[in-house]
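Peer 1: The structure's right below; bear with me while I get my questions together.
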Amino acid sequence: MRFDIISVLPDLLTSPFAHSILLRAQKKGVAEIVVHNLRDYATNKQKSVDDYPYGGGSGMIMSIEPFALCIEKLKSERDYDEVIFMSPDGETLNQTIANQLSTLKNVIILCGHYKGIDQRIRDIFVTREISIGDYVLSGGELPAAVVVDAVVRLIPGVLNDETSALSDSFQGELLDAPNYTRPADWRGHTVPDILLSGHQAKINEWRHDEALKRTQERRPDLLE
Ligand code: SAH
């Protein structure tokens, strides 16, 4: 799967993709993540990518031309399944959306800044708008990194233990069960005996019961 992320602050996207599972996915060739500096597509001398809003008001608006040039260049090189705009008024990201996106091949992600982007970019180029939650951040880079992380870990071959994503919260209707590792006794706080029993069927049953209990307590809406 290939992601082309268009950003005015590409440095913000260096570290999130340079470690751990996301790095491994790229090394394995399962995911390709390319960040494009929007300023490279600015057409004026000042290399500006924003301008004052028509109708007045506070905040700058990102202009259509640099985004258009970058998107058109990418589209001339390959076909894209989606052009996603990260936006607080988009559909809220959840595991279902992450699963859907993980089946795609090529995706462009646009990161907004300032007051937002010219509506015509959304009307003409964008096929899907995604929010990471009901709060406003300064830019679309962190949201884009969240989307890429949530999606890439679902691509087959990325996680070492293929089943480990399946038992994660939200992958089924249940939240994850409590997890423990050594030591079995930390200052008198012990691990549930069942996990030390070696009896896998009983352990699975315990995990399912705990996951159900946790879901009932914290997210009863998932069980409805
Ligand atoms: N005026 C806009 C907010 C602009 S914030 C509004 O009220 O909707 C600047 C940019 O940050 C946005 O264009 C978007 O790309 C990104 N952004 C901010 N909050 C976000 C969120 N919750 N989810 C996804 N992207 C977000």
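Each chain of the structure tokens is named A, B, ... in the order shown, its residues numbered from 1; ligands are numbered from 1 in display order.
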Identify, counting only C-alpha atoms and all ligand atoms, the protein, DNA and RNA residues located within 10 Å of ligand 1, and give them as an MDAnalysis selection string.
Peer 2: chainID A and resid 7 59:62 85:93 109:118 129:144 146:147
Peer 1: Skip A:Asp149 itself and residues of its chain fewer than 5 positions away, then list as a list in words all residues within 10 Å of it, counting only C-alpha atoms.
Peer 2: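 Residues near the query, excluding close chain neighbours: Pro16, Phe17, Ile21, Leu22, Ala98, Pro143, Ala144 and Leu154 of chain A.
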Peer 1: Pick the closest to A:Asn94 from A:Ala145, A:Ala150, A:Val191, A:Ala68: which is it, counting only C-alpha atoms?
Peer 2: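 Closest candidate: A:Ala150.
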Peer 1: Which is closer to A:Asp81 than all the others in A:Glu65, A:Glu32, A:Asp40, A:Asp4, using only C-alpha atoms?
Peer 2: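 Among the listed residues, A:Asp4 lies closest to A:Asp81.
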Peer 1: I'd like the neighbourhood of A:Arg120 as a PyMOL selection string, where a residue qualifies if any of its atoms comes within 10 Å (using only C-alpha atoms), though same-chain residues fewer than 5 positions away should be ignored.
Peer 2: chain A and resi 63-64+125-126
Peer 1: Output as a tab-separated table one row per residue of stretch 193-212 of chain A within 12 Å of stretch 179-188 of chain A: the closest atom pair and its distance in Å to one decimal place, counting only C-alpha atoms, sorted by chain and residue number ascending.
Peer 2:
residue	atom	partner	partner_atom	distance
A:Asp193	CA	A:Ala184	CA	9.1
A:Ile194	CA	A:Ala184	CA	11.6
A:Leu195	CA	A:Tyr180	CA	8.6
A:Leu196	CA	A:Ala184	CA	8.4
A:Ile203	CA	A:Asn179	CA	11.8
A:Trp206	CA	A:Asn179	CA	11.7
A:Arg207	CA	A:Asn179	CA	9.2
A:Glu210	CA	A:Asn179	CA	10.4
A:Ala211	CA	A:Asn179	CA	10.7
Peer 1: So which residues touch stretch 169-178 of chain A within 9 Å, counting only C-alpha atoms, skipping near sequence neighbours fewer than 5 positions away, as a list in words?
Peer 2: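 Using only C-alpha atoms, the neighbours found are Asn94, Gln95, Thr96, Asn99, Trp206, Arg207, His208, Asp209, Glu210, Ala211, Leu212, Lys213, Arg214, Thr215, Gln216, Arg218, Arg219, Leu222 and Leu223 of chain A.
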Peer 1: Please list as a count of residues only every residue within 9 Å of A:Lys28, counting only C-alpha atoms and excluding residues in the same chain fewer than 4 positions away.
Peer 2: 4
Peer 1: Atom CA of A:Leu69 and atom CA of A:Gly29, how far apart in Å?
Peer 2: 27.5 Å
Peer 1: Could you state the separation of atom CA of A:Arg39 and atom CA of A:Phe67 in Å, given to one decimal place?
Peer 2: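 So the two atoms, atom CA of A:Arg39 and atom CA of A:Phe67, lie 9.4 Å apart.
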Peer 1: Stretch 43-182 of chain A: which residues are strand (DSSP E) by DSSP, as number ranges by chain?
Peer 2: A: 50-51, 61-62, 82-92, 106-110, 116-117, 128-131
Peer 1: Store the residues picked out above in a file with C-alpha atoms, as a CSV table (one decimal), in the first residue's frame.
Peer 2:
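Done, and the output landed in again_24.csv:
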chain,number,residue,atom,x,y,z
A,50,ASP,CA,-2.0,30.4,1.7
A,51,ASP,CA,-3.9,33.7,1.3
A,61,ILE,CA,-6.8,29.8,3.9
A,62,MET,CA,-4.6,27.4,2.0
A,82,GLU,CA,-8.9,7.8,-2.4
A,83,VAL,CA,-7.8,11.4,-1.9
A,84,ILE,CA,-8.4,11.9,1.8
A,85,PHE,CA,-8.6,15.3,3.5
A,86,MET,CA,-7.9,15.3,7.2
A,87,SER,CA,-10.6,17.5,8.7
A,88,PRO,CA,-12.4,17.9,12.0
A,89,ASP,CA,-15.7,17.9,10.2
A,90,GLY,CA,-15.1,14.6,8.4
A,91,GLU,CA,-16.3,11.2,9.4
A,92,THR,CA,-14.7,10.1,12.7
A,106,ASN,CA,-2.8,4.0,-3.4
A,107,VAL,CA,-4.0,6.8,-1.2
A,108,ILE,CA,-3.3,10.6,-1.1
A,109,ILE,CA,-3.7,12.4,2.2
A,110,LEU,CA,-4.0,16.2,2.4
A,116,GLY,CA,-8.3,25.4,6.6
A,117,ILE,CA,-8.2,24.9,2.8
A,128,ARG,CA,-13.1,11.2,1.6
A,129,GLU,CA,-12.8,13.4,4.7
A,130,ILE,CA,-11.6,12.0,8.0
A,131,SER,CA,-11.5,13.4,11.5
Peer 1: Taking only C-alpha atoms into account, name the residue in A:Asn37, A:Ser48, A:Thr190, A:Ser15 that is nearest to A:Cys70.
Peer 2: A:Asn37
Peer 1: What is the atom CA of A:Val30-atom CA of A:Val8 distance in Å, reported with one decimal?
Peer 2: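 Atom CA of A:Val8 lies 26.1 Å from atom CA of A:Val30.
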